[in-house]
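A short worksheet on the structure shown next.
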Amino acid sequence: MITIIGGGLAGCEAAWQAANRGVSVTLYDMKPNKKTPAHTNDNLGELVCSNSMRSDSLSNAVGLLKEEMRCLNSLIIQCADATKIPAGGTLAVDREGFAAAITEKIKSHPNIKLILSDEIAEIPSGIVIIATGPLTSDVLLHSVRQLTGEKDLFFFDAAAPIVTYESINMQKAYKASRYGKGGDDYINCPMDEQQYNQFWNSLINAQTAPIKDFEQNVFEGCMPVEVLAKRGEKALLFGPLKPVGLRCPNGDMPHAVVQLRQDNSDATLYNMVGFQTHLKFGEQKRVFSMIPGLENVEIVRYGVMHKNIFINSPSLLLPTYRFRNDERIFFAGQITGVEGYAESASSGLVAGINAAHAALGREDVVFDIKTAIGALADYISAAKTENFQPMNINFGLLPPLDVKIKQKQQRNEAISQRSLNILKKA
Ligand SMILES: Cc1cc2nc3c(=O)[nH]c(=O)nc-3n(C[C@H](O)[C@H](O)[C@H](O)COP(=O)(O)OP(=O)(O)OC[C@H]3O[C@@H](n4cnc5c(N)ncnc54)[C@H](O)[C@@H]3O)c2cc1C
């Protein structure tokens with residue numbers, strides 16, 4: 001028997017996977033009696049914001065992730081497909097119908113006992129999956145904090161955009177560290193005065209995403225790049241864009257420099273240093289593409305600033321989403337540092353299978369890192385970064401192909417085909 005706390009996307013998927021393996025599951029949610037500030041619906045599996053699960057194409061990593069989940073009999077994808085509404089190449093759903101379908105499947109499963117209106121404060125005994133999301137209620141948060149320790153629990157996601165290396169124009173950007181200290185650790189995008197002024201003007205006038213009432217106070221401790229820019233035309237030049245010690249390879253001294261720091265061990269992803277931002281996603285693409293070297297930038301993870309409770313998974317979890325220090329405990333969903341609806345459900349899928357295997361005395365299931373579901377689990381449990389931040393699935397997390405394919409769409413489709421072949425053989 002296993003206990004799951006949280007009937008969101010991750011918790012429902014985990015319950016479904018475990019129950020389908022013949023294990024008795026008790027699933028708790030504090031709804032409808034108590035709701036997080038982002039939840040409004042009484043059903044399980046509620047989409048708290050957009051009704052889109054993003055691209056459904058195999059040339060896109062989130063499309064691959066969903067296709068893998070289809071192969072693995074995912075409840076969330078099954079219900080999304082059943083309640084799909086027309087939205088071009090994206091998988092968008094009828095929000096109410098989607099949550100109702102998930103709730104119905106969970107309620108009618110013979111191996112699942114659903115207990116609603118029960119806010120869990122203590123981590124229960126036995127095999128347990130904690131899937132209480134980015135807005136985990138305070139009483140349980142206290143218990144999670146005791147489990148992880150204060151330093152491994154984060155409350156606020158203030159992330160700068162992450163971009164692919166291959167989309168950076170290295171004819172304009174150059175590798176160097178400030179004053180030559182640290183070798184070629186950073187990629188630097190130099191600007192002359194005119195380019196800087198145009199960029200600064202666009203940045204201070206760009207549209208920001210709305211801040212939710214419950215998030216007002218979390219913004220006090222951290223300054224978005226656009227807010228710093230609004231302090232004056234030169235503010236960025238003494239902050240993240242300061243050029244000192246970063247002379248161009250041709251000897252010129254730039255007026256401003258945007259630095260990018262390596263973000264994964266394969267050096268396929270880079271983050272924009274000091275660019276935590278609250279700009280709308282489309283505005284990030286528009287304004288940051290004005291930076292020389294980033295004209296065609298591919299942003300795989302947009303900058304965000306929002307309330308988001310998550311644990312320092314690389315030091316706490318295994319690729320099965322199992323807690324390293326107490327093997328009966330699993331985490332799933334956004335609380336592990338995966339970012340997004342499909343990603344949250346995918347971690348529930350892995351945790352659910354493995355919790356069931358633990359209950360049945362079977363071996364752990366670790367997905368191949370050449371699959372999207374395995375690559376995300378690998379990132380979550382082993383990311384080599386000082387500042388762990390939530391991550392969407394993207395092709396930069398998967399190992400490259402053995403053969404070179406120049407055209408990006410074909411290359412991504414080939415990576416997807418490789419992943420699906422591996423899954424089908426397993
Ligand atoms: C405001 C906001 C907007 C977002 N918008 C998007 C978006 O548009 N697109 C996207 O892809 N991702 C978005 N995300 C990120 C993420 O995909 C969602 O938060 C997603 O719902 C996470 O799934 P989950 O299963 O981890 O958590 P949730 O879906 O939040 O589920 C957690 C469940 O646990 C329950 N719970 C919490 N504490 C307790 C407790 N102590 N006892 C019992 N039950 C408890 C809650 O009632 C809830 O039902 C957003 C996140 C936030 C915070």
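By order in the structure tokens, chains are A, B, ...; within a chain, residues start at 1; ligands start at 1, following the order shown.
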Fill in: Environment of ligand 1 within 7 Å, counting only C-alpha atoms and all ligand atoms, reported as a ChimeraX atom specification
/A:5-11,28-31,35-36,38,44-53,118-121,131-137,139-140,307-308,332-335,339-342,344-345
Item to complete: Check region 162-265 of chain A with DSSP on the backbone and list each residue it calls strand (DSSP E), as a PyMOL selection string.
Response: chain A and resi 162-164+174-176+186-191+256-262
Given the selection you just returned, output its residues as a file containing N, CA and C atoms, formatted as a CSV table (one decimal), in the first residue's frame.
```csv
chain,number,residue,atom,x,y,z
A,162,ILE,N,17.4,30.5,-20.0
A,162,ILE,CA,18.4,29.6,-20.4
A,162,ILE,C,18.3,29.4,-21.9
A,163,VAL,N,19.4,29.5,-22.6
A,163,VAL,CA,19.4,29.4,-24.1
A,163,VAL,C,20.3,28.3,-24.6
A,164,THR,N,20.1,27.9,-25.8
A,164,THR,CA,20.9,26.8,-26.3
A,164,THR,C,22.2,27.4,-26.9
A,174,TYR,N,32.1,36.1,-27.8
A,174,TYR,CA,33.4,35.5,-27.6
A,174,TYR,C,33.5,34.9,-26.1
A,175,LYS,N,34.4,33.9,-26.0
A,175,LYS,CA,34.6,33.3,-24.7
A,175,LYS,C,35.7,34.0,-23.9
A,176,ALA,N,35.4,34.3,-22.7
A,176,ALA,CA,36.4,35.0,-21.8
A,176,ALA,C,35.9,35.1,-20.4
A,186,TYR,N,33.0,32.0,-19.6
A,186,TYR,CA,31.8,32.7,-20.0
A,186,TYR,C,31.7,33.0,-21.5
A,187,ILE,N,30.5,33.1,-22.0
A,187,ILE,CA,30.3,33.6,-23.4
A,187,ILE,C,29.9,35.0,-23.2
A,188,ASN,N,30.5,35.9,-23.9
A,188,ASN,CA,30.3,37.4,-23.8
A,188,ASN,C,29.7,38.0,-25.0
A,189,CYS,N,28.6,38.7,-24.9
A,189,CYS,CA,28.0,39.4,-26.0
A,189,CYS,C,28.2,40.9,-25.9
A,190,PRO,N,29.1,41.4,-26.7
A,190,PRO,CA,29.5,42.9,-26.5
A,190,PRO,C,28.5,43.8,-27.2
A,191,MET,N,28.3,45.0,-26.7
A,191,MET,CA,27.5,46.0,-27.3
A,191,MET,C,28.2,47.3,-27.4
A,256,ALA,N,29.1,47.7,-23.2
A,256,ALA,CA,28.4,46.9,-22.3
A,256,ALA,C,28.6,45.4,-22.7
A,257,VAL,N,28.5,44.5,-21.8
A,257,VAL,CA,28.6,43.1,-22.1
A,257,VAL,C,27.6,42.3,-21.4
A,258,VAL,N,26.9,41.4,-22.1
A,258,VAL,CA,25.9,40.5,-21.5
A,258,VAL,C,26.7,39.2,-21.4
A,259,GLN,N,26.8,38.6,-20.2
A,259,GLN,CA,27.5,37.3,-20.0
A,259,GLN,C,26.6,36.2,-19.9
A,260,LEU,N,27.0,35.0,-20.5
A,260,LEU,CA,26.3,33.8,-20.4
A,260,LEU,C,27.1,32.7,-19.7
A,261,ARG,N,26.5,32.0,-18.8
A,261,ARG,CA,27.3,31.0,-18.0
A,261,ARG,C,26.8,29.6,-18.4
A,262,GLN,N,27.8,28.7,-18.5
A,262,GLN,CA,27.4,27.3,-18.8
A,262,GLN,C,26.4,26.8,-17.8
```
Practice prompt. Can you check which residues of region 125-271 of chain A DSSP gives as alpha helix (DSSP H) on the backbone and send them as a PyMOL selection string?
Written response: chain A and resi 138-148+193-205+225-229
Output for the residues just chosen: N, CA and C atoms as a compact mmCIF listing (two decimals), in the first residue's frame:
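Contents of selection_28.txt, freshly written:
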```
# COMPACT_ATOMS: atom_id res chain seq x y z
N ASP A 138 1.29 25.34 4.27
CA ASP A 138 2.32 25.67 5.28
C ASP A 138 2.59 24.55 6.27
N VAL A 139 1.52 23.85 6.70
CA VAL A 139 1.73 22.84 7.74
C VAL A 139 2.61 21.69 7.22
N LEU A 140 2.37 21.30 5.99
CA LEU A 140 3.18 20.21 5.43
C LEU A 140 4.59 20.73 5.10
N LEU A 141 4.64 21.98 4.68
CA LEU A 141 5.94 22.59 4.36
C LEU A 141 6.87 22.51 5.57
N HIS A 142 6.32 22.69 6.73
CA HIS A 142 7.10 22.61 7.96
C HIS A 142 7.74 21.21 8.08
N SER A 143 6.95 20.18 7.78
CA SER A 143 7.47 18.80 7.86
C SER A 143 8.51 18.54 6.77
N VAL A 144 8.25 19.09 5.57
CA VAL A 144 9.22 18.90 4.47
C VAL A 144 10.54 19.59 4.82
N ARG A 145 10.42 20.76 5.45
CA ARG A 145 11.62 21.49 5.84
C ARG A 145 12.45 20.68 6.85
N GLN A 146 11.75 20.02 7.77
CA GLN A 146 12.47 19.19 8.74
C GLN A 146 13.18 18.02 8.05
N LEU A 147 12.56 17.53 7.00
CA LEU A 147 13.13 16.39 6.27
C LEU A 147 14.35 16.82 5.44
N THR A 148 14.21 17.93 4.73
CA THR A 148 15.27 18.32 3.79
C THR A 148 16.33 19.20 4.43
N GLU A 193 27.79 51.60 -27.89
CA GLU A 193 26.91 52.51 -27.16
C GLU A 193 25.51 52.57 -27.79
N GLN A 194 25.47 52.60 -29.10
CA GLN A 194 24.17 52.70 -29.78
C GLN A 194 23.32 51.44 -29.54
N GLN A 195 23.98 50.30 -29.66
CA GLN A 195 23.25 49.03 -29.43
C GLN A 195 22.73 48.96 -27.99
N TYR A 196 23.57 49.43 -27.07
CA TYR A 196 23.15 49.40 -25.66
C TYR A 196 21.94 50.30 -25.44
N ASN A 197 22.00 51.50 -25.99
CA ASN A 197 20.90 52.45 -25.78
C ASN A 197 19.59 51.91 -26.35
N GLN A 198 19.67 51.30 -27.52
CA GLN A 198 18.44 50.74 -28.12
C GLN A 198 17.90 49.60 -27.24
N PHE A 199 18.82 48.76 -26.78
CA PHE A 199 18.42 47.64 -25.93
C PHE A 199 17.79 48.15 -24.63
N TRP A 200 18.44 49.12 -24.01
CA TRP A 200 17.96 49.66 -22.73
C TRP A 200 16.56 50.25 -22.90
N ASN A 201 16.37 50.99 -23.99
CA ASN A 201 15.06 51.58 -24.25
C ASN A 201 13.98 50.53 -24.39
N SER A 202 14.29 49.47 -25.12
CA SER A 202 13.29 48.41 -25.31
C SER A 202 13.02 47.69 -23.99
N LEU A 203 14.07 47.49 -23.22
CA LEU A 203 13.91 46.75 -21.96
C LEU A 203 13.00 47.52 -20.99
N ILE A 204 13.23 48.81 -20.85
CA ILE A 204 12.44 49.55 -19.86
C ILE A 204 10.98 49.74 -20.31
N ASN A 205 10.75 49.57 -21.61
CA ASN A 205 9.37 49.74 -22.11
C ASN A 205 8.66 48.42 -22.38
N VAL A 225 15.84 42.30 -13.93
CA VAL A 225 16.76 43.11 -14.72
C VAL A 225 16.06 44.37 -15.25
N GLU A 226 14.77 44.26 -15.60
CA GLU A 226 14.07 45.43 -16.14
C GLU A 226 13.84 46.50 -15.07
N VAL A 227 13.70 46.05 -13.82
CA VAL A 227 13.51 47.03 -12.73
C VAL A 227 14.82 47.76 -12.46
N LEU A 228 15.92 47.01 -12.48
CA LEU A 228 17.24 47.63 -12.32
C LEU A 228 17.47 48.65 -13.46
N ALA A 229 17.10 48.26 -14.68
CA ALA A 229 17.30 49.14 -15.84
C ALA A 229 16.54 50.46 -15.66
```
Worksheet item: Hey, which of A:Phe154, A:Trp16, A:Tyr179, A:Phe331 ends up closest to Arg247 (chain A)? Count only C-alpha atoms.
Response: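 For Arg247 (chain A), the nearest of the given residues is A:Tyr179.
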Worksheet item: If we count only C-alpha atoms, what is near Asp94 (chain A) at a cut-off of 8 Å, once residues fewer than 5 positions away on the same chain are taken out, given as a list in words?
Response: Asn51, Thr83, Lys84 and Ile85 of chain A
Discussion item. Report, in Å to a single decimal, how far apart CA of Ile353 (chain A) and CA of Thr371 (chain A) are.
Written reply: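 Pair CA of Thr371 (chain A) / CA of Ile353 (chain A) returns 16.3 Å.
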Worksheet item: Restricting the calculation to only C-alpha atoms, which member of A:Phe395, A:Asn33, A:Val366, A:Ala377 is positioned closest to Ser117 (chain A)?
Response: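 Answer, going by the shortest atom-to-atom distance: A:Asn33.
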Discussion item. For a test of reading the model, state the distance in Å between CA of Phe156 (chain A) and CA of Val304 (chain A), rounded to one decimal.
Written reply: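 Taking CA of Phe156 (chain A) and CA of Val304 (chain A), their separation equals 9.7 Å.
The coordinates place CA of Thr320 (chain A) at 6.8 Å from CA of Val365 (chain A).
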Discussion item. Please list as a list in words every residue within 12 Å of Asp402 (chain A), counting only C-alpha atoms and excluding residues in the same chain fewer than 5 positions away.
Written reply: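 What passes the distance filter is Lys370, Arg411, Ala414, Ile415 and Arg418 of chain A.
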Dump of N, CA and C atoms for the selected residues, as a PDB file, in the first residue's frame:
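After the write, out.pdb holds the following:
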```pdb
ATOM      1  N   LYS A 370      18.481   8.852 -22.714  1.00  0.00           N
ATOM      2  CA  LYS A 370      18.206   9.231 -24.119  1.00  0.00           C
ATOM      3  C   LYS A 370      16.711   9.415 -24.341  1.00  0.00           C
ATOM      4  N   ARG A 411      16.948  17.047 -36.997  1.00  0.00           N
ATOM      5  CA  ARG A 411      17.779  16.519 -35.898  1.00  0.00           C
ATOM      6  C   ARG A 411      16.896  16.206 -34.684  1.00  0.00           C
ATOM      7  N   ALA A 414      14.902  13.155 -35.212  1.00  0.00           N
ATOM      8  CA  ALA A 414      15.735  11.937 -35.103  1.00  0.00           C
ATOM      9  C   ALA A 414      15.984  11.601 -33.626  1.00  0.00           C
ATOM     10  N   ILE A 415      16.202  12.630 -32.813  1.00  0.00           N
ATOM     11  CA  ILE A 415      16.391  12.388 -31.363  1.00  0.00           C
ATOM     12  C   ILE A 415      15.111  11.767 -30.795  1.00  0.00           C
ATOM     13  N   ARG A 418      14.816   8.176 -31.793  1.00  0.00           N
ATOM     14  CA  ARG A 418      15.730   7.356 -30.975  1.00  0.00           C
ATOM     15  C   ARG A 418      15.092   7.076 -29.603  1.00  0.00           C
TER      16      ARG A 418
END
```
